[in-house]
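With mmCIF, C-alpha atoms inside, this is data06.cif:
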```
data_start
loop_
_atom_site.group_PDB
_atom_site.id
_atom_site.type_symbol
_atom_site.label_atom_id
_atom_site.label_comp_id
_atom_site.auth_asym_id
_atom_site.auth_seq_id
_atom_site.Cartn_x
_atom_site.Cartn_y
_atom_site.Cartn_z
ATOM 1 C CA MET S 1392 0.000 0.000 0.000
ATOM 2 C CA LYS S 1393 2.827 2.413 0.801
ATOM 3 C CA LYS S 1394 4.283 1.928 -2.694
ATOM 4 C CA VAL S 1395 1.049 3.184 -4.260
ATOM 5 C CA TYR S 1396 1.383 6.575 -2.518
ATOM 6 C CA LEU S 1397 5.122 6.932 -3.083
ATOM 7 C CA LEU S 1398 4.947 7.961 -6.762
ATOM 8 C CA PRO S 1399 2.347 10.728 -6.246
ATOM 9 C CA ALA S 1400 4.354 12.031 -3.285
ATOM 10 C CA ILE S 1401 7.533 12.209 -5.413
ATOM 11 C CA LEU S 1402 5.650 14.003 -8.212
ATOM 12 C CA ILE S 1403 4.141 16.546 -5.811
ATOM 13 C CA ALA S 1404 7.544 17.230 -4.234
ATOM 14 C CA SER S 1405 9.148 17.643 -7.684
ATOM 15 C CA VAL S 1406 6.473 20.084 -8.866
ATOM 16 C CA ALA S 1407 6.744 22.067 -5.617
ATOM 17 C CA ALA S 1408 10.520 22.322 -6.038
ATOM 18 C CA LEU S 1409 10.138 23.427 -9.653
ATOM 19 C CA VAL S 1410 7.532 26.068 -8.806
ATOM 20 C CA GLY S 1411 9.615 27.280 -5.880
ATOM 21 C CA SER S 1412 12.620 27.799 -8.135
ATOM 22 C CA CYS S 1413 10.758 29.929 -10.713
ATOM 23 C CA GLY S 1414 12.067 33.489 -10.813
ATOM 24 C CA HIS S 1415 15.258 32.472 -9.028
ATOM 25 C CA ASN S 1416 18.773 31.827 -10.211
ATOM 26 C CA SER S 1417 21.495 29.809 -8.561
ATOM 27 C CA ASN S 1418 24.799 31.182 -7.374
ATOM 28 C CA ALA S 1419 28.127 29.331 -7.387
ATOM 29 C CA ASP S 1420 27.158 27.551 -4.156
ATOM 30 C CA GLY S 1421 23.911 26.307 -5.657
ATOM 31 C CA GLN S 1422 21.841 28.654 -3.505
ATOM 32 C CA THR S 1423 18.874 30.292 -5.188
ATOM 33 C CA ILE S 1424 18.930 34.049 -5.745
ATOM 34 C CA SER S 1425 15.662 35.939 -6.089
ATOM 35 C CA LYS S 1426 15.110 38.503 -8.829
ATOM 36 C CA ASP S 1427 14.889 41.198 -6.142
ATOM 37 C CA SER S 1428 18.323 40.176 -4.854
ATOM 38 C CA LEU S 1429 19.746 40.283 -8.375
ATOM 39 C CA ILE S 1430 18.314 43.782 -8.885
ATOM 40 C CA LYS S 1431 19.792 44.990 -5.581
ATOM 41 C CA ARG S 1432 23.186 43.499 -6.439
ATOM 42 C CA GLY S 1433 23.021 45.007 -9.935
ATOM 43 C CA ASN S 1434 22.099 48.427 -8.559
ATOM 44 C CA TYR S 1435 25.064 48.222 -6.190
ATOM 45 C CA LEU S 1436 27.438 47.280 -9.020
ATOM 46 C CA VAL S 1437 26.141 49.945 -11.420
ATOM 47 C CA THR S 1438 26.521 52.570 -8.698
ATOM 48 C CA THR S 1439 29.980 51.571 -7.457
ATOM 49 C CA MET S 1440 31.357 50.968 -10.962
ATOM 50 C CA GLY S 1441 30.452 54.544 -11.904
ATOM 51 C CA CYS S 1442 28.114 53.729 -14.805
ATOM 52 C CA ASN S 1443 26.173 56.939 -14.119
ATOM 53 C CA ASP S 1444 29.347 58.975 -14.645
ATOM 54 C CA CYS S 1445 29.000 58.637 -18.419
ATOM 55 C CA HIS S 1446 25.600 57.062 -19.058
ATOM 56 C CA SER S 1447 23.477 59.573 -17.090
ATOM 57 C CA PRO S 1448 23.068 63.224 -18.196
ATOM 58 C CA LYS S 1449 23.856 65.852 -15.546
ATOM 59 C CA VAL S 1450 22.220 69.069 -14.419
ATOM 60 C CA MET S 1451 24.203 71.957 -12.968
ATOM 61 C CA THR S 1452 23.541 72.759 -9.320
ATOM 62 C CA ALA S 1453 25.090 75.114 -6.769
ATOM 63 C CA MET S 1454 27.295 72.172 -5.773
ATOM 64 C CA GLY S 1455 28.310 71.401 -9.356
ATOM 65 C CA PRO S 1456 26.983 68.779 -11.789
ATOM 66 C CA ALA S 1457 24.450 66.289 -10.408
ATOM 67 C CA LEU S 1458 22.658 63.348 -11.991
ATOM 68 C CA ASP S 1459 19.524 64.204 -13.952
ATOM 69 C CA THR S 1460 17.245 61.806 -12.087
ATOM 70 C CA THR S 1461 14.602 61.992 -14.836
ATOM 71 C CA ARG S 1462 17.047 60.547 -17.387
ATOM 72 C CA LEU S 1463 19.201 58.114 -15.415
ATOM 73 C CA LEU S 1464 21.341 55.814 -17.583
ATOM 74 C CA SER S 1465 19.728 57.088 -20.807
ATOM 75 C CA GLY S 1466 23.013 58.106 -22.447
ATOM 76 C CA HIS S 1467 23.800 61.235 -24.406
ATOM 77 C CA ARG S 1468 20.620 63.210 -24.998
ATOM 78 C CA SER S 1469 19.483 63.036 -28.613
ATOM 79 C CA ASP S 1470 18.359 66.682 -28.532
ATOM 80 C CA VAL S 1471 21.785 68.023 -27.520
ATOM 81 C CA GLN S 1472 24.254 69.100 -30.177
ATOM 82 C CA LEU S 1473 27.810 69.420 -28.923
ATOM 83 C CA PRO S 1474 29.453 72.853 -29.083
ATOM 84 C CA PRO S 1475 32.602 73.166 -31.232
ATOM 85 C CA ALA S 1476 35.625 71.513 -29.607
ATOM 86 C CA ASN S 1477 38.980 73.217 -29.131
ATOM 87 C CA THR S 1478 40.874 71.712 -32.063
ATOM 88 C CA ASP S 1479 44.206 73.054 -30.781
ATOM 89 C CA ALA S 1480 43.755 71.038 -27.594
ATOM 90 C CA LEU S 1481 42.865 67.940 -29.620
ATOM 91 C CA LYS S 1482 45.989 68.357 -31.779
ATOM 92 C CA ASN S 1483 48.014 68.394 -28.579
ATOM 93 C CA GLY S 1484 46.586 65.049 -27.479
ATOM 94 C CA TRP S 1485 43.806 66.243 -25.177
ATOM 95 C CA ALA S 1486 40.476 64.447 -24.836
ATOM 96 C CA LEU S 1487 37.551 66.711 -23.923
ATOM 97 C CA PHE S 1488 34.403 65.691 -22.068
ATOM 98 C CA TYR S 1489 31.058 67.384 -22.592
ATOM 99 C CA ALA S 1490 29.785 69.050 -19.395
ATOM 100 C CA GLU S 1491 27.036 66.440 -18.936
ATOM 101 C CA GLY S 1492 29.669 63.696 -19.049
ATOM 102 C CA THR S 1493 27.871 61.833 -21.831
ATOM 103 C CA ALA S 1494 30.193 62.582 -24.747
ATOM 104 C CA MET S 1495 33.928 62.664 -25.352
ATOM 105 C CA VAL S 1496 35.868 64.365 -28.137
ATOM 106 C CA SER S 1497 39.437 63.183 -28.717
ATOM 107 C CA PRO S 1498 41.897 62.874 -31.605
ATOM 108 C CA LEU S 1499 39.996 59.645 -32.390
ATOM 109 C CA GLY S 1500 36.724 61.498 -32.929
ATOM 110 C CA THR S 1501 33.503 61.920 -30.959
ATOM 111 C CA SER S 1502 31.846 59.153 -28.977
ATOM 112 C CA TYR S 1503 28.586 59.182 -27.058
ATOM 113 C CA ALA S 1504 27.481 57.208 -24.009
ATOM 114 C CA ALA S 1505 24.796 54.651 -24.858
ATOM 115 C CA ASN S 1506 21.266 54.450 -23.525
ATOM 116 C CA ILE S 1507 21.298 51.469 -21.150
ATOM 117 C CA THR S 1508 17.776 51.844 -19.750
ATOM 118 C CA SER S 1509 15.053 49.236 -20.232
ATOM 119 C CA ASP S 1510 13.585 51.191 -23.161
ATOM 120 C CA ALA S 1511 13.639 49.722 -26.683
ATOM 121 C CA THR S 1512 15.984 52.592 -27.677
ATOM 122 C CA GLY S 1513 18.305 51.338 -24.920
ATOM 123 C CA ILE S 1514 18.835 47.680 -24.026
ATOM 124 C CA GLY S 1515 15.198 46.781 -23.403
ATOM 125 C CA ASN S 1516 15.141 44.274 -26.268
ATOM 126 C CA TRP S 1517 18.564 42.776 -25.549
ATOM 127 C CA THR S 1518 19.234 39.271 -24.324
ATOM 128 C CA LEU S 1519 21.525 38.506 -21.410
ATOM 129 C CA GLN S 1520 24.026 37.018 -23.894
ATOM 130 C CA GLN S 1521 24.066 40.256 -25.920
ATOM 131 C CA PHE S 1522 24.740 42.255 -22.782
ATOM 132 C CA LYS S 1523 27.524 39.883 -21.748
ATOM 133 C CA THR S 1524 29.140 40.181 -25.191
ATOM 134 C CA ALA S 1525 28.956 43.977 -25.014
ATOM 135 C CA ILE S 1526 30.313 44.391 -21.513
ATOM 136 C CA THR S 1527 32.989 41.667 -21.514
ATOM 137 C CA LYS S 1528 34.061 41.697 -25.177
ATOM 138 C CA GLY S 1529 33.402 45.342 -26.001
ATOM 139 C CA LYS S 1530 31.131 44.697 -28.979
ATOM 140 C CA TRP S 1531 28.566 47.253 -30.188
ATOM 141 C CA LYS S 1532 25.002 46.170 -29.343
ATOM 142 C CA GLY S 1533 26.447 42.890 -28.063
ATOM 143 C CA MET S 1534 26.854 41.475 -31.574
ATOM 144 C CA GLU S 1535 29.992 39.388 -32.035
ATOM 145 C CA ASN S 1536 30.802 40.701 -35.538
ATOM 146 C CA SER S 1537 30.073 44.370 -34.832
ATOM 147 C CA ARG S 1538 32.562 47.159 -34.194
ATOM 148 C CA ASN S 1539 34.382 47.598 -30.903
ATOM 149 C CA LEU S 1540 32.911 49.903 -28.286
ATOM 150 C CA LEU S 1541 34.683 53.242 -28.287
ATOM 151 C CA PRO S 1542 36.553 55.027 -25.497
ATOM 152 C CA PRO S 1543 35.869 55.991 -22.799
ATOM 153 C CA MET S 1544 33.794 52.803 -22.300
ATOM 154 C CA PRO S 1545 36.162 50.740 -20.097
ATOM 155 C CA TRP S 1546 34.964 47.327 -21.216
ATOM 156 C CA GLU S 1547 38.485 45.912 -20.889
ATOM 157 C CA ASN S 1548 38.095 46.337 -17.121
ATOM 158 C CA TYR S 1549 35.048 44.072 -17.197
ATOM 159 C CA LYS S 1550 36.328 41.247 -19.420
ATOM 160 C CA ASP S 1551 36.859 38.937 -16.443
ATOM 161 C CA MET S 1552 33.621 39.865 -14.665
ATOM 162 C CA SER S 1553 31.762 36.863 -13.267
ATOM 163 C CA ASP S 1554 28.627 35.647 -15.038
ATOM 164 C CA ALA S 1555 26.716 36.265 -11.795
ATOM 165 C CA ASP S 1556 27.709 39.944 -11.725
ATOM 166 C CA VAL S 1557 26.953 40.409 -15.431
ATOM 167 C CA GLU S 1558 23.511 38.889 -14.869
ATOM 168 C CA ALA S 1559 22.899 41.069 -11.802
ATOM 169 C CA ILE S 1560 23.774 44.248 -13.723
ATOM 170 C CA PHE S 1561 21.612 43.208 -16.673
ATOM 171 C CA THR S 1562 18.677 42.311 -14.412
ATOM 172 C CA TYR S 1563 18.930 45.688 -12.684
ATOM 173 C CA LEU S 1564 19.164 47.616 -15.969
ATOM 174 C CA GLN S 1565 16.124 45.743 -17.286
ATOM 175 C CA SER S 1566 14.230 46.937 -14.194
ATOM 176 C CA THR S 1567 15.059 50.626 -14.693
ATOM 177 C CA LYS S 1568 12.624 53.279 -15.843
ATOM 178 C CA PRO S 1569 12.579 53.202 -19.662
ATOM 179 C CA VAL S 1570 13.805 56.446 -21.221
ATOM 180 C CA ASN S 1571 13.179 56.893 -24.941
ATOM 181 C CA ASN S 1572 16.423 58.338 -26.278
ATOM 182 C CA VAL S 1573 18.192 57.476 -29.521
ATOM 183 C CA VAL S 1574 21.867 58.279 -28.928
ATOM 184 C CA PRO S 1575 23.729 59.812 -31.900
ATOM 185 C CA ALA S 1576 26.167 57.661 -33.861
ATOM 186 C CA PRO S 1577 29.866 58.304 -33.195
ATOM 187 C CA GLN S 1578 31.882 60.478 -35.553
ATOM 188 C CA LEU S 1579 35.378 59.153 -35.981
ATOM 189 C CA ALA S 1580 38.202 61.347 -37.233
ATOM 190 C CA TYR S 1581 39.940 58.795 -39.444
ATOM 191 C CA SER S 1582 38.189 57.100 -42.337
ATOM 192 C CA GLU S 1583 40.240 53.920 -41.997
ATOM 193 C CA ILE S 1584 38.834 53.307 -38.506
ATOM 194 C CA LYS S 1585 35.275 54.462 -39.075
ATOM 195 C CA PRO S 1586 32.756 51.806 -38.031
ATOM 196 C CA ASP S 1587 30.652 50.269 -40.750
ATOM 197 C CA LYS S 1588 27.709 50.606 -38.352
ATOM 198 C CA PRO S 1589 26.677 53.521 -36.116
#
```

Please, can you express the file's structure as structure tokens?
Amino acid sequence: MKKVYLLPAILIASVAALVGSCGHNSNADGQTISKDSLIKRGNYLVTTMGCNDCHSPKVMTAMGPALDTTRLLSGHRSDVQLPPANTDALKNGWALFYAEGTAMVSPLGTSYAANITSDATGIGNWTLQQFKTAITKGKWKGMENSRNLLPPMPWENYKDMSDADVEAIFTYLQSTKPVNNVVPAPQLAYSEIKPDKP
């Protein structure tokens, strides 16, 4: 008689374990991590790694530039045209940052910080694998055969980042407020290194 009830009990336990694991990921120790925990970890990493330094526009305050909290992580504003750069400084090897911190002009050309919010104009339609390829291999839009990401994006610093941290950052970014903002394409100074894609 006990054997008759054993199979249903195993099935119920298996289904309960499967349902309990939904929305969770496992860490290196096999412990489950909730989505909320991933978002908190990702927020911590994005903040301490300084992603807002370039990817968030700034507003000027009495204490200097501060994050524009209405446009966090949305990249260089599409409605902002950069003022002319000091070409003498560029000829002498200087790189110049736009006051909002979202664009850099150097002897290489002009590059703009990307929109990394959850909007479709950011990374809202990306897969985790795309994000991993972008952040650890420095590939535009996370596509293996695309151009390299341009300075000042420090992707080389992240090439050995753990899969768990990449996933945490991606999960957090996917939870951010979507900001519709199409970032301008870079303008490179030398035709032989111009990307074939924006």

Item to check | Explicit residue set for the PyMOL selection byres ((chain S and resi 1496-1502) around 8), as number ranges by chain | outcome: S: 1476, 1481-1482, 1484-1489, 1494-1495, 1503-1504, 1541-1542, 1576-1581

How close does each residue of range 1497-1520 of chain S get to range 1433-1447 of chain S, giving the shortest atom pair and distance in Å to one decimal for every residue with an atom at most 8 Å away, counting all atoms listed in the file, sorted by chain and residue number, as CSV?
```
residue,atom,partner,partner_atom,distance
S:Ala1504,CA,S:His1446,CA,5.3
S:Ala1505,CA,S:His1446,CA,6.3
S:Asn1506,CA,S:His1446,CA,6.7
S:Ile1507,CA,S:His1446,CA,7.4
```

Checklist entry - On this structure, which residues satisfy the PyMOL selection byres ((chain S and resi 1510-1514) around 12), written as JSON, numbers by chain? => result {"S": [1446, 1462, 1463, 1464, 1465, 1466, 1467, 1468, 1469, 1504, 1505, 1506, 1507, 1508, 1509, 1515, 1516, 1517, 1518, 1519, 1520, 1521, 1522, 1523, 1525, 1531, 1532, 1533, 1560, 1561, 1562, 1563, 1564, 1565, 1566, 1567, 1568, 1569, 1570, 1571, 1572, 1573, 1574, 1575]}

Can you sort out the box for range 1531-1535 of chain S, edges along x, y and z, all listed atoms in, 4 Å on every side, with centre and edge lengths in Å to one decimal, as JSON?
```
{"center_x": 27.5, "center_y": 43.3, "center_z": -30.0, "size_x": 13.0, "size_y": 15.9, "size_z": 12.0}
```

Item to check | Atomic separation - CA of Met1544 in chain S relative to CA of Lys1426 in chain S, Å | outcome: 27.1 Å

Checklist entry - Could you work out how far CA of Gly1492 in chain S lies from CA of Asp1459 in chain S, giving the answer in Å with one decimal? => result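 One can read the CA of Asp1459 in chain S to CA of Gly1492 in chain S distance as 11.4 Å.
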
Item to check | d(CA of Leu1458 in chain S, CA of Ala1490 in chain S) in Å | outcome: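 Atom-to-atom, CA of Leu1458 in chain S to CA of Ala1490 in chain S, that is 11.8 Å.
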
Item to check | Hits of the PyMOL selection byres ((chain S and resi 1527) around 9) in this structure, as a PyMOL selection string | outcome: chain S and resi 1522-1526+1528-1530+1546-1552+1557

Using C-alpha atoms, can you export the residues from the last selection as a PDB file, in the coordinates of the input?
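Output file result26.pdb is given in full below:
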```pdb
ATOM      1  CA  PHE S1522      24.740  42.255 -22.782  1.00  0.00           C
ATOM      2  CA  LYS S1523      27.524  39.883 -21.748  1.00  0.00           C
ATOM      3  CA  THR S1524      29.140  40.181 -25.191  1.00  0.00           C
ATOM      4  CA  ALA S1525      28.956  43.977 -25.014  1.00  0.00           C
ATOM      5  CA  ILE S1526      30.313  44.391 -21.513  1.00  0.00           C
ATOM      6  CA  LYS S1528      34.061  41.697 -25.177  1.00  0.00           C
ATOM      7  CA  GLY S1529      33.402  45.342 -26.001  1.00  0.00           C
ATOM      8  CA  LYS S1530      31.131  44.697 -28.979  1.00  0.00           C
ATOM      9  CA  TRP S1546      34.964  47.327 -21.216  1.00  0.00           C
ATOM     10  CA  GLU S1547      38.485  45.912 -20.889  1.00  0.00           C
ATOM     11  CA  ASN S1548      38.095  46.337 -17.121  1.00  0.00           C
ATOM     12  CA  TYR S1549      35.048  44.072 -17.197  1.00  0.00           C
ATOM     13  CA  LYS S1550      36.328  41.247 -19.420  1.00  0.00           C
ATOM     14  CA  ASP S1551      36.859  38.937 -16.443  1.00  0.00           C
ATOM     15  CA  MET S1552      33.621  39.865 -14.665  1.00  0.00           C
ATOM     16  CA  VAL S1557      26.953  40.409 -15.431  1.00  0.00           C
TER      17      VAL S1557
END
```

Item to check | Among listed residues S:Met1451, S:Val1471, S:Leu1540, S:Ala1559, nearest Ser1425 in chain S (using only C-alpha atoms) | outcome: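 That would be S:Ala1559, the residue with the smallest distance to Ser1425 in chain S.
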